[in-house]
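Source file: upload.txt (compact mmCIF, C-alpha atoms)
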```
# COMPACT_ATOMS: atom_id res chain seq x y z
CA MET A 1036 131.01 33.36 -64.77
CA THR A 1037 127.95 31.70 -63.43
CA LYS A 1038 127.59 28.40 -61.67
CA ASN A 1039 125.83 25.84 -63.83
CA LYS A 1040 124.04 22.74 -62.54
CA THR A 1041 121.47 21.03 -64.73
CA LYS A 1042 119.46 17.91 -63.86
CA ALA A 1043 118.03 17.56 -67.35
CA THR A 1044 118.57 15.49 -70.43
CA LEU A 1045 119.17 18.32 -72.91
CA LEU A 1046 122.68 19.52 -73.67
CA GLY A 1047 123.67 23.16 -74.09
CA GLY A 1048 124.23 24.08 -77.73
CA ALA A 1049 127.78 25.28 -77.11
CA ALA A 1050 128.68 22.25 -75.02
CA LEU A 1051 131.26 19.62 -75.70
CA LEU A 1052 129.72 16.21 -75.08
CA LEU A 1053 132.88 14.44 -74.03
CA GLY A 1054 131.55 10.98 -73.34
CA SER A 1055 130.55 10.49 -77.00
CA GLY A 1056 133.49 12.44 -78.38
CA VAL A 1057 131.28 14.97 -80.26
CA ALA A 1058 132.76 18.47 -80.26
CA MET A 1059 130.76 21.57 -81.16
CA PRO A 1060 132.58 24.58 -82.61
CA HIS A 1061 133.22 27.58 -80.39
CA ALA A 1062 134.17 31.15 -81.04
CA ALA A 1063 136.74 31.61 -78.27
CA SER A 1064 139.15 29.57 -76.17
CA ALA A 1065 136.74 29.55 -73.24
CA GLU A 1066 134.43 26.56 -73.39
CA ASN A 1067 131.39 25.20 -71.58
CA PHE A 1068 131.71 21.45 -71.06
CA THR A 1069 128.59 19.40 -70.47
CA LEU A 1070 129.37 16.25 -68.48
CA ARG A 1071 127.20 13.43 -67.22
CA VAL A 1072 127.51 12.01 -63.71
CA GLY A 1073 125.41 9.23 -62.25
CA SER A 1074 124.93 6.36 -59.84
CA GLY A 1075 122.58 3.44 -59.44
CA HIS A 1076 121.74 4.53 -55.89
CA PRO A 1077 119.83 7.73 -55.07
CA SER A 1078 121.23 10.82 -53.44
CA GLY A 1079 120.02 11.12 -49.86
CA PRO A 1080 119.89 7.59 -48.43
CA ALA A 1081 123.28 6.68 -49.96
CA VAL A 1082 126.03 8.83 -48.46
CA TYR A 1083 128.56 8.25 -51.24
CA VAL A 1084 126.02 9.52 -53.80
CA THR A 1085 124.98 12.46 -51.65
CA LEU A 1086 128.61 13.58 -51.54
CA VAL A 1087 128.71 13.51 -55.34
CA ASP A 1088 125.49 15.49 -55.57
CA GLU A 1089 126.12 17.99 -52.78
CA PHE A 1090 129.92 18.32 -52.83
CA PHE A 1091 131.70 17.00 -55.92
CA VAL A 1092 129.37 18.47 -58.56
CA PRO A 1093 128.96 21.98 -57.07
CA GLU A 1094 132.62 22.20 -56.03
CA VAL A 1095 133.97 21.26 -59.46
CA THR A 1096 131.48 23.65 -61.06
CA ARG A 1097 132.50 26.49 -58.73
CA ARG A 1098 136.23 26.00 -59.00
CA VAL A 1099 136.28 25.64 -62.78
CA ALA A 1100 134.23 28.84 -63.13
CA GLU A 1101 136.37 30.78 -60.66
CA GLU A 1102 139.83 29.44 -61.49
CA THR A 1103 139.72 28.91 -65.27
CA ASP A 1104 138.24 30.49 -68.38
CA HIS A 1105 135.88 27.52 -68.77
CA GLU A 1106 132.58 26.36 -67.35
CA ILE A 1107 131.13 22.95 -66.59
CA THR A 1108 127.48 21.98 -66.72
CA PHE A 1109 126.65 18.66 -65.09
CA ILE A 1110 123.77 16.44 -66.12
CA GLU A 1111 123.08 14.36 -63.01
CA GLY A 1112 121.45 10.96 -63.12
CA TYR A 1113 121.16 9.25 -59.76
CA GLY A 1114 118.94 6.42 -58.59
CA GLY A 1115 119.55 4.40 -61.75
CA SER A 1116 118.10 6.99 -64.12
CA ILE A 1117 121.10 6.54 -66.44
CA ALA A 1118 122.76 3.34 -65.17
CA GLY A 1119 121.80 0.84 -62.49
CA VAL A 1120 123.92 -0.27 -59.55
CA ALA A 1121 125.47 -3.13 -61.54
CA GLU A 1122 125.86 -1.06 -64.72
CA THR A 1123 127.75 2.04 -63.62
CA LEU A 1124 131.30 0.78 -64.15
CA GLU A 1125 130.35 -0.23 -67.69
CA ALA A 1126 128.53 3.07 -68.28
CA VAL A 1127 131.68 5.00 -67.41
CA GLN A 1128 133.80 2.66 -69.49
CA SER A 1129 131.63 3.16 -72.57
CA GLY A 1130 131.28 6.91 -72.11
CA LEU A 1131 127.56 6.82 -71.40
CA LEU A 1132 128.62 8.48 -68.14
CA ASP A 1133 131.61 10.79 -67.81
CA PHE A 1134 131.64 10.19 -64.04
CA GLY A 1135 130.15 7.33 -62.07
CA ALA A 1136 129.85 6.47 -58.39
CA TYR A 1137 129.28 2.82 -57.56
CA CYS A 1138 129.87 0.01 -55.12
CA PHE A 1139 132.51 -2.50 -56.13
CA CYS A 1140 130.27 -5.12 -54.56
CA PHE A 1141 128.12 -5.13 -57.71
CA GLU A 1142 131.12 -6.08 -59.84
CA PRO A 1143 131.93 -9.45 -58.22
CA SER A 1144 134.04 -10.57 -61.18
CA LYS A 1145 135.73 -7.47 -62.54
CA LEU A 1146 136.40 -5.93 -59.11
CA PHE A 1147 136.58 -9.10 -57.03
CA LEU A 1148 139.70 -8.04 -55.14
CA HIS A 1149 138.53 -4.45 -54.58
CA ASN A 1150 135.99 -5.91 -52.17
CA PHE A 1151 138.78 -7.01 -49.82
CA PRO A 1152 137.33 -5.21 -46.75
CA TYR A 1153 134.34 -7.55 -46.96
CA TYR A 1154 136.72 -10.52 -46.76
CA ALA A 1155 137.88 -9.61 -43.23
CA PRO A 1156 134.75 -8.63 -41.29
CA PHE A 1157 134.57 -7.44 -37.68
CA GLY A 1158 137.26 -4.84 -38.37
CA PRO A 1159 137.47 -1.21 -37.16
CA GLN A 1160 134.05 0.11 -36.20
CA GLY A 1161 134.43 3.71 -37.40
CA SER A 1162 134.23 4.73 -41.06
CA THR A 1163 136.94 7.39 -40.82
CA THR A 1164 139.43 4.81 -39.56
CA ALA A 1165 138.24 2.22 -42.07
CA MET A 1166 138.67 4.67 -44.95
CA GLU A 1167 142.20 5.58 -43.80
CA ASN A 1168 143.18 1.93 -43.60
CA VAL A 1169 141.82 1.11 -47.05
CA ARG A 1170 143.51 4.15 -48.59
CA ALA A 1171 146.81 2.90 -47.13
CA VAL A 1172 146.22 -0.47 -48.80
CA TYR A 1173 145.61 1.23 -52.16
CA ASP A 1174 148.77 3.28 -51.76
CA ALA A 1175 150.78 0.14 -50.94
CA ASN A 1176 149.28 -1.81 -53.85
CA PRO A 1177 149.13 0.40 -56.99
CA TRP A 1178 147.46 -2.39 -58.97
CA LEU A 1179 144.18 -1.59 -57.21
CA THR A 1180 144.17 1.88 -58.76
CA GLU A 1181 145.86 1.13 -62.07
CA VAL A 1182 143.43 -1.62 -63.08
CA PHE A 1183 140.62 0.91 -63.49
CA THR A 1184 142.58 2.57 -66.31
CA SER A 1185 144.26 -0.47 -67.84
CA GLU A 1186 141.15 -2.66 -67.93
CA TYR A 1187 138.11 -0.39 -67.73
CA ASP A 1188 139.09 2.90 -69.41
CA GLN A 1189 138.47 5.04 -66.37
CA GLU A 1190 140.30 6.83 -63.60
CA LEU A 1191 139.67 6.36 -59.89
CA LEU A 1192 139.09 9.82 -58.43
CA GLY A 1193 138.27 8.87 -54.86
CA LEU A 1194 137.08 6.13 -52.55
CA SER A 1195 133.99 6.10 -50.38
CA GLY A 1196 131.99 3.39 -48.62
CA TRP A 1197 129.23 2.22 -46.33
CA ASP A 1198 128.87 2.71 -42.60
CA ASN A 1199 128.88 -0.15 -40.08
CA TYR A 1200 126.96 -3.27 -41.09
CA HIS A 1201 124.37 -4.79 -38.75
CA LEU A 1202 121.36 -7.05 -39.26
CA GLY A 1203 117.73 -6.05 -39.59
CA THR A 1204 114.93 -8.62 -39.55
CA THR A 1205 111.16 -8.84 -39.84
CA MET A 1206 111.02 -11.06 -36.74
CA GLU A 1207 112.54 -11.00 -33.30
CA TRP A 1208 115.35 -13.46 -32.55
CA ASP A 1209 117.36 -14.23 -29.43
CA GLU A 1210 119.91 -16.91 -30.33
CA VAL A 1211 121.95 -17.19 -33.52
CA SER A 1212 120.31 -20.58 -34.03
CA ASP A 1213 117.02 -18.71 -34.50
CA LEU A 1214 118.39 -17.47 -37.83
CA GLU A 1215 118.81 -20.93 -39.30
CA GLY A 1216 116.89 -21.12 -42.56
CA VAL A 1217 115.96 -17.43 -42.45
CA ARG A 1218 116.41 -15.71 -45.81
CA VAL A 1219 118.67 -12.64 -45.57
CA GLY A 1220 119.47 -10.19 -48.33
CA GLY A 1221 122.87 -8.67 -48.95
CA ALA A 1222 125.12 -7.08 -51.55
CA GLY A 1223 126.99 -10.26 -52.45
CA PRO A 1224 130.52 -10.21 -50.98
CA ASN A 1225 129.06 -10.04 -47.46
CA LEU A 1226 126.67 -13.00 -47.86
CA PRO A 1227 129.26 -15.55 -46.60
CA TRP A 1228 129.03 -13.81 -43.22
CA LEU A 1229 125.71 -15.62 -42.78
CA GLU A 1230 127.09 -19.15 -42.94
CA TYR A 1231 127.74 -19.28 -39.20
CA ALA A 1232 124.10 -18.47 -38.47
CA GLY A 1233 122.79 -20.97 -40.99
CA ALA A 1234 120.77 -18.23 -42.68
CA VAL A 1235 119.95 -18.45 -46.38
CA PRO A 1236 121.81 -15.72 -48.30
CA VAL A 1237 119.96 -13.83 -51.04
CA GLN A 1238 121.74 -11.54 -53.50
CA SER A 1239 119.91 -8.20 -53.60
CA THR A 1240 120.25 -4.44 -53.95
CA LEU A 1241 119.10 -1.49 -51.87
CA PRO A 1242 116.39 -0.34 -54.34
CA ASP A 1243 114.77 -3.80 -54.07
CA GLY A 1244 115.01 -4.10 -50.29
CA TYR A 1245 111.77 -2.56 -49.03
CA MET A 1246 109.41 -4.48 -51.28
CA SER A 1247 111.33 -7.72 -50.82
CA LEU A 1248 111.13 -7.45 -47.03
CA GLN A 1249 107.48 -6.48 -47.21
CA THR A 1250 106.51 -9.38 -49.48
CA GLY A 1251 108.63 -12.02 -47.77
CA VAL A 1252 111.22 -12.56 -50.50
CA TYR A 1253 113.55 -12.49 -47.53
CA GLU A 1254 113.16 -11.82 -43.80
CA GLY A 1255 116.36 -9.93 -43.11
CA TRP A 1256 118.91 -7.52 -44.51
CA LEU A 1257 122.63 -7.07 -43.81
CA MET A 1258 122.51 -3.31 -43.71
CA PHE A 1259 124.14 -0.21 -42.20
CA PRO A 1260 122.07 2.30 -40.16
CA SER A 1261 122.09 5.20 -42.63
CA ALA A 1262 120.44 3.19 -45.41
CA TYR A 1263 118.23 1.14 -43.09
CA LEU A 1264 116.71 4.45 -42.01
CA GLY A 1265 116.89 6.21 -45.37
CA PHE A 1266 115.19 3.39 -47.27
CA ARG A 1267 112.67 2.91 -44.41
CA PHE A 1268 113.48 -0.78 -44.01
CA TYR A 1269 112.46 -0.47 -40.36
CA GLU A 1270 108.82 -0.45 -41.45
CA PRO A 1271 108.64 -4.04 -42.76
CA ALA A 1272 111.60 -5.19 -40.63
CA PRO A 1273 111.63 -3.34 -37.28
CA TYR A 1274 114.13 -5.57 -35.45
CA TYR A 1275 117.65 -4.19 -35.78
CA THR A 1276 120.51 -6.08 -34.11
CA LEU A 1277 123.88 -4.36 -33.70
CA ILE A 1278 126.52 -6.88 -34.72
CA GLY A 1279 129.36 -4.66 -35.92
CA PHE A 1280 130.62 -6.41 -39.04
CA GLY A 1281 132.34 -3.09 -39.72
CA PRO A 1282 132.17 -0.19 -42.22
CA MET A 1283 133.24 -1.10 -45.74
CA ALA A 1284 135.25 1.28 -47.94
CA VAL A 1285 134.21 -0.45 -51.15
CA ASN A 1286 132.73 2.41 -53.20
CA GLY A 1287 134.42 4.66 -55.69
CA LEU A 1288 133.98 7.70 -57.90
CA THR A 1289 135.55 7.26 -61.33
CA ALA A 1290 135.97 9.31 -64.50
CA ASN A 1291 135.99 8.15 -68.11
CA SER A 1292 139.61 8.25 -69.33
CA ASN A 1293 138.75 9.85 -72.68
CA THR A 1294 136.80 12.57 -70.90
CA MET A 1295 139.75 13.42 -68.67
CA GLU A 1296 142.16 13.44 -71.62
CA ARG A 1297 139.98 15.80 -73.66
CA LEU A 1298 139.46 18.31 -70.91
CA PRO A 1299 141.95 21.17 -70.53
CA GLU A 1300 144.66 20.16 -68.06
CA GLU A 1301 143.69 22.86 -65.59
CA VAL A 1302 140.12 21.53 -65.53
CA SER A 1303 141.08 17.87 -65.17
CA GLU A 1304 143.44 18.75 -62.32
CA ILE A 1305 140.63 20.51 -60.46
CA ILE A 1306 138.48 17.40 -60.90
CA ARG A 1307 141.26 15.21 -59.46
CA GLU A 1308 141.74 17.54 -56.51
CA VAL A 1309 138.02 17.60 -55.73
CA GLY A 1310 137.94 13.81 -56.11
CA ARG A 1311 140.61 13.46 -53.44
CA GLU A 1312 138.65 15.78 -51.17
CA TYR A 1313 135.51 13.73 -51.86
CA GLU A 1314 137.36 10.73 -50.43
CA GLN A 1315 138.62 12.68 -47.42
CA ARG A 1316 135.09 13.79 -46.60
CA SER A 1317 133.63 10.30 -46.95
CA GLY A 1318 134.80 8.81 -43.63
CA PRO A 1319 133.49 11.62 -41.38
CA ALA A 1320 130.28 11.85 -43.43
CA LEU A 1321 129.67 8.12 -43.00
CA ASP A 1322 130.33 8.29 -39.27
CA GLU A 1323 127.83 11.13 -38.98
CA ALA A 1324 125.30 9.21 -41.05
CA GLN A 1325 125.71 6.12 -38.88
CA ALA A 1326 125.06 8.07 -35.69
CA ALA A 1327 122.10 9.86 -37.25
CA GLY A 1328 120.80 6.57 -38.62
CA LEU A 1329 120.79 4.85 -35.25
CA GLU A 1330 119.15 7.86 -33.63
CA GLY A 1331 116.56 8.05 -36.38
CA LEU A 1332 115.77 4.33 -36.18
CA GLU A 1333 115.15 4.66 -32.46
CA GLU A 1334 112.89 7.66 -33.02
CA GLU A 1335 110.92 5.75 -35.65
CA GLY A 1336 110.28 2.92 -33.22
CA ALA A 1337 112.73 0.33 -34.49
CA ILE A 1338 113.58 -2.30 -31.88
CA ILE A 1339 117.36 -2.05 -31.45
CA ARG A 1340 119.49 -4.45 -29.45
CA GLU A 1341 123.18 -5.35 -29.34
CA LEU A 1342 124.51 -8.84 -29.99
CA PRO A 1343 126.21 -10.26 -26.86
CA ALA A 1344 130.02 -9.99 -27.02
CA GLU A 1345 130.47 -13.74 -26.62
CA THR A 1346 128.20 -14.48 -29.57
CA ARG A 1347 129.96 -11.87 -31.69
CA GLN A 1348 133.28 -13.50 -30.84
CA GLU A 1349 132.00 -16.90 -31.92
CA TRP A 1350 130.62 -15.44 -35.11
CA ALA A 1351 134.00 -13.89 -35.95
CA GLU A 1352 135.82 -17.14 -35.19
CA SER A 1353 133.56 -18.97 -37.62
CA LEU A 1354 134.93 -16.73 -40.39
CA ALA A 1355 138.61 -17.12 -39.48
CA GLU A 1356 139.40 -18.85 -42.79
CA PHE A 1357 137.40 -16.45 -44.95
CA PRO A 1358 140.25 -14.00 -45.75
CA ARG A 1359 142.56 -16.84 -46.81
CA VAL A 1360 139.89 -18.43 -49.00
CA GLN A 1361 139.15 -15.13 -50.75
CA ALA A 1362 142.82 -14.23 -51.13
CA THR A 1363 143.47 -17.59 -52.79
CA GLU A 1364 140.45 -17.10 -55.06
CA ALA A 1365 141.81 -13.71 -56.14
CA ASP A 1366 145.25 -15.23 -56.78
CA ASP A 1367 143.63 -17.87 -58.97
CA ARG A 1368 141.94 -15.09 -60.95
CA GLY A 1369 145.30 -13.50 -61.70
CA MET A 1370 144.92 -10.78 -59.10
CA PRO A 1371 147.40 -10.00 -56.25
CA GLY A 1372 144.98 -11.39 -53.67
CA THR A 1373 147.33 -12.63 -50.95
CA GLN A 1374 149.45 -9.48 -51.24
CA VAL A 1375 146.47 -7.14 -50.90
CA LEU A 1376 144.73 -9.06 -48.10
CA GLN A 1377 147.97 -9.32 -46.12
CA SER A 1378 148.53 -5.58 -46.55
CA TYR A 1379 145.05 -4.95 -45.21
CA LEU A 1380 145.46 -7.21 -42.18
CA ASP A 1381 148.85 -5.68 -41.38
CA ILE A 1382 147.71 -2.08 -41.77
CA VAL A 1383 144.67 -2.61 -39.55
CA ALA A 1384 146.84 -4.32 -36.93
CA GLU A 1385 149.37 -1.48 -37.06
CA SER A 1386 146.55 1.00 -36.42
CA GLY A 1387 146.11 -0.57 -32.98
CA TYR A 1388 142.84 -2.32 -33.67
CA GLU A 1389 142.49 -5.85 -32.29
CA TRP A 1390 140.49 -8.27 -34.42
CA PRO A 1391 138.07 -10.43 -32.41
CA THR A 1392 139.69 -13.45 -34.08
CA GLU A 1393 143.05 -14.07 -35.68
CA TYR A 1394 142.98 -13.99 -39.45
CA SER A 1395 145.82 -15.83 -41.18
CA LEU A 1396 146.52 -16.26 -44.87
CA ASP A 1397 148.91 -19.18 -44.32
```
Can you present the structure in this file as structure tokens?
Amino acid sequence: MTKNKTKATLLGGAALLLGSGVAMPHAASAENFTLRVGSGHPSGPAVYVTLVDEFFVPEVTRRVAEETDHEITFIEGYGGSIAGVAETLEAVQSGLLDFGAYCFCFEPSKLFLHNFPYYAPFGPQGSTTAMENVRAVYDANPWLTEVFTSEYDQELLGLSGWDNYHLGTTMEWDEVSDLEGVRVGGAGPNLPWLEYAGAVPVQSTLPDGYMSLQTGVYEGWLMFPSAYLGFRFYEPAPYYTLIGFGPMAVNGLTANSNTMERLPEEVSEIIREVGREYEQRSGPALDEAQAAGLEGLEEEGAIIRELPAETRQEWAESLAEFPRVQATEADDRGMPGTQVLQSYLDIVAESGYEWPTEYSLD
């Protein structure tokens, strides 16, 4: 059998379009399934999407062709060509997408608690460690996984994330007080990090970042090195300060539940196995992207400096109550907020990492 990968909008005549539930007749038991996968972010600058494009899709295609009597053809729609960053969960739920990769940060209501790493910043500085810690929290709190199926008609195949968050700005600054009144863009759950600095938080998305920095919609971006380089934010905002808010494992790859049920069991099991490997590859890939991002920013002439340790400590202390506030908010929404946040704090502490400030949920 041949490997099929199609970035088009036309479906093969013998395909089964699972997302819409339309089945075409076939002459034999072997079938070619046409499935749609997408993300609001593009492949390349966004590591979690690149892993879908360059690993998940070709690996599922290869294994299904080699290990079963079936074939899969993927229609790939990244960069918002099928669903935007805040639409992907819903696109998978409705069946517009069979598979979607997205950041939970763009679902502040539906996935409020899944953003728990954002609620305890200044954590472990490496993505591999961060991913391992978050996976342990999911394993200890099955609700985090089960809610995708029970509420949103999809299955969580694997987690991914962002590399270490720092701050890029259009202007040079020396003291945190220099940021007072400065407009800074961010994904949403991380915007409260700015309160200590007195900056003005602005909800935004990566695709909007370059133009917004260039036109003065805001003067800064809470952003990790891989995307700051990949989206060329260093051009309008060349000052990049290493703060170390931490990597955030807040992205996921999900599958429409109806799609998974309609696929032959041997095919769906391959998809689940590749999804788990997608997650396992995410941490190392993000660490590599962070290192390459910092190196690339330096080569492109970005002005990189590191925030003094004392200032970083003060910044962390200013957010000491943040985990408790967010845990209580999640509890009030009917989610196991205190349970999940306490699991996270305990698991990180057990890993040997020392937080720069003591977080307490009491």
Enumerate, in order of chain and increasing residue number, the residues of stretch 1223-1262 of chain A with an atom no farther than 12 Å from stretch 1105-1117 of chain A, each with its shortest atom pair and distance in Å to one decimal, counting all atoms listed in the file, as a Markdown table.
```
| residue | atom | partner | partner_atom | distance |
| --- | --- | --- | --- | --- |
| A:Thr1240 | CA | A:Gly1115 | CA | 11.8 |
| A:Leu1241 | CA | A:Gly1114 | CA | 10.4 |
| A:Pro1242 | CA | A:Gly1114 | CA | 8.4 |
| A:Asp1243 | CA | A:Gly1114 | CA | 11.9 |
```
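Considering the residues A:Tyr1137, A:Trp1228, A:Phe1151, A:Phe1068 and counting all atoms listed in the file, A:Arg1359 has its shortest atom-to-atom contact with A:Phe1151.
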Subject >> Selection near stretch 1308-1314 of chain A, 12 Å with all atoms listed in the file, sequence-local residues under 3 positions removed, as a ChimeraX atom specification >> reply: /A:1082-1099,1134-1136,1162-1163,1165-1167,1169-1170,1190-1196,1284-1290,1301-1305,1317-1321
**OP:** Name the residues in contact with A:Met1246 at a cut-off of 12 Å, using only C-alpha atoms, excluding same-chain residues fewer than 3 positions from it; report them as an MDAnalysis selection string.
**Re:** chainID A and resid 1220 1239:1243 1249:1254 1266:1268 1270:1272
Could you build a table of the residues in stretch 1200-1315 of chain A lying no more than 10 Å from stretch 1336-1358 of chain A, giving for each the nearest pair of atoms and their separation in Å rounded to one decimal place, using only C-alpha atoms, ordered by chain and ascending residue number, as JSON lines?
```
{"residue": "A:His1201", "atom": "CA", "partner": "A:Glu1341", "partner_atom": "CA", "distance": 9.5}
{"residue": "A:Leu1202", "atom": "CA", "partner": "A:Leu1342", "partner_atom": "CA", "distance": 10.0}
{"residue": "A:Gly1203", "atom": "CA", "partner": "A:Ile1339", "partner_atom": "CA", "distance": 9.1}
{"residue": "A:Glu1207", "atom": "CA", "partner": "A:Ile1338", "partner_atom": "CA", "distance": 8.9}
{"residue": "A:Asp1209", "atom": "CA", "partner": "A:Leu1342", "partner_atom": "CA", "distance": 9.0}
{"residue": "A:Glu1210", "atom": "CA", "partner": "A:Thr1346", "partner_atom": "CA", "distance": 8.7}
{"residue": "A:Val1211", "atom": "CA", "partner": "A:Thr1346", "partner_atom": "CA", "distance": 7.9}
{"residue": "A:Pro1227", "atom": "CA", "partner": "A:Phe1357", "partner_atom": "CA", "distance": 8.4}
{"residue": "A:Trp1228", "atom": "CA", "partner": "A:Leu1354", "partner_atom": "CA", "distance": 7.2}
{"residue": "A:Leu1229", "atom": "CA", "partner": "A:Trp1350", "partner_atom": "CA", "distance": 9.1}
{"residue": "A:Glu1230", "atom": "CA", "partner": "A:Ser1353", "partner_atom": "CA", "distance": 8.4}
{"residue": "A:Tyr1231", "atom": "CA", "partner": "A:Ser1353", "partner_atom": "CA", "distance": 6.0}
{"residue": "A:Ala1232", "atom": "CA", "partner": "A:Trp1350", "partner_atom": "CA", "distance": 7.9}
{"residue": "A:Leu1264", "atom": "CA", "partner": "A:Ala1337", "partner_atom": "CA", "distance": 9.5}
{"residue": "A:Phe1268", "atom": "CA", "partner": "A:Ala1337", "partner_atom": "CA", "distance": 9.6}
{"residue": "A:Tyr1269", "atom": "CA", "partner": "A:Ala1337", "partner_atom": "CA", "distance": 5.9}
{"residue": "A:Glu1270", "atom": "CA", "partner": "A:Ala1337", "partner_atom": "CA", "distance": 8.0}
{"residue": "A:Ala1272", "atom": "CA", "partner": "A:Ala1337", "partner_atom": "CA", "distance": 8.3}
{"residue": "A:Pro1273", "atom": "CA", "partner": "A:Ala1337", "partner_atom": "CA", "distance": 4.7}
{"residue": "A:Tyr1274", "atom": "CA", "partner": "A:Ile1338", "partner_atom": "CA", "distance": 4.9}
{"residue": "A:Tyr1275", "atom": "CA", "partner": "A:Ile1339", "partner_atom": "CA", "distance": 4.8}
{"residue": "A:Thr1276", "atom": "CA", "partner": "A:Arg1340", "partner_atom": "CA", "distance": 5.0}
{"residue": "A:Leu1277", "atom": "CA", "partner": "A:Glu1341", "partner_atom": "CA", "distance": 4.5}
{"residue": "A:Ile1278", "atom": "CA", "partner": "A:Leu1342", "partner_atom": "CA", "distance": 5.5}
{"residue": "A:Gly1279", "atom": "CA", "partner": "A:Arg1347", "partner_atom": "CA", "distance": 8.4}
{"residue": "A:Phe1280", "atom": "CA", "partner": "A:Ala1351", "partner_atom": "CA", "distance": 8.8}
```
Fill-in result for stretch 1241-1256 of chain A, N, CA and C atoms as an mmCIF file, in the coordinates of the input:
```
data_model
loop_
_atom_site.group_PDB
_atom_site.id
_atom_site.type_symbol
_atom_site.label_atom_id
_atom_site.label_comp_id
_atom_site.auth_asym_id
_atom_site.auth_seq_id
_atom_site.Cartn_x
_atom_site.Cartn_y
_atom_site.Cartn_z
ATOM 1 N N LEU A 1241 119.863 -2.407 -52.712
ATOM 2 C CA LEU A 1241 119.100 -1.490 -51.870
ATOM 3 C C LEU A 1241 117.746 -1.088 -52.492
ATOM 4 N N PRO A 1242 117.687 -0.748 -53.777
ATOM 5 C CA PRO A 1242 116.390 -0.340 -54.340
ATOM 6 C C PRO A 1242 115.315 -1.428 -54.247
ATOM 7 N N ASP A 1243 115.739 -2.696 -54.136
ATOM 8 C CA ASP A 1243 114.770 -3.800 -54.070
ATOM 9 C C ASP A 1243 114.390 -4.173 -52.639
ATOM 10 N N GLY A 1244 115.128 -3.625 -51.669
ATOM 11 C CA GLY A 1244 115.010 -4.100 -50.290
ATOM 12 C C GLY A 1244 113.640 -3.966 -49.656
ATOM 13 N N TYR A 1245 113.030 -2.797 -49.740
ATOM 14 C CA TYR A 1245 111.770 -2.560 -49.030
ATOM 15 C C TYR A 1245 110.685 -3.526 -49.476
ATOM 16 N N MET A 1246 110.471 -3.612 -50.770
ATOM 17 C CA MET A 1246 109.410 -4.480 -51.280
ATOM 18 C C MET A 1246 109.702 -5.943 -50.981
ATOM 19 N N SER A 1247 110.969 -6.327 -51.071
ATOM 20 C CA SER A 1247 111.330 -7.720 -50.820
ATOM 21 C C SER A 1247 111.113 -8.102 -49.366
ATOM 22 N N LEU A 1248 111.398 -7.195 -48.447
ATOM 23 C CA LEU A 1248 111.130 -7.450 -47.030
ATOM 24 C C LEU A 1248 109.627 -7.476 -46.770
ATOM 25 N N GLN A 1249 108.921 -6.582 -47.423
ATOM 26 C CA GLN A 1249 107.480 -6.480 -47.210
ATOM 27 C C GLN A 1249 106.732 -7.693 -47.740
ATOM 28 N N THR A 1250 107.208 -8.256 -48.843
ATOM 29 C CA THR A 1250 106.510 -9.380 -49.480
ATOM 30 C C THR A 1250 107.060 -10.735 -49.079
ATOM 31 N N GLY A 1251 108.102 -10.757 -48.256
ATOM 32 C CA GLY A 1251 108.630 -12.020 -47.770
ATOM 33 C C GLY A 1251 109.617 -12.708 -48.684
ATOM 34 N N VAL A 1252 110.167 -11.979 -49.668
ATOM 35 C CA VAL A 1252 111.220 -12.560 -50.500
ATOM 36 C C VAL A 1252 112.386 -12.960 -49.605
ATOM 37 N N TYR A 1253 112.636 -12.139 -48.609
ATOM 38 C CA TYR A 1253 113.550 -12.490 -47.530
ATOM 39 C C TYR A 1253 113.088 -11.808 -46.255
ATOM 40 N N GLU A 1254 113.617 -12.303 -45.123
ATOM 41 C CA GLU A 1254 113.160 -11.820 -43.800
ATOM 42 C C GLU A 1254 114.204 -10.973 -43.091
ATOM 43 N N GLY A 1255 115.319 -10.725 -43.739
ATOM 44 C CA GLY A 1255 116.360 -9.930 -43.110
ATOM 45 C C GLY A 1255 117.243 -9.248 -44.125
ATOM 46 N N TRP A 1256 118.007 -8.266 -43.645
ATOM 47 C CA TRP A 1256 118.910 -7.520 -44.510
ATOM 48 C C TRP A 1256 120.186 -7.218 -43.741
#
```
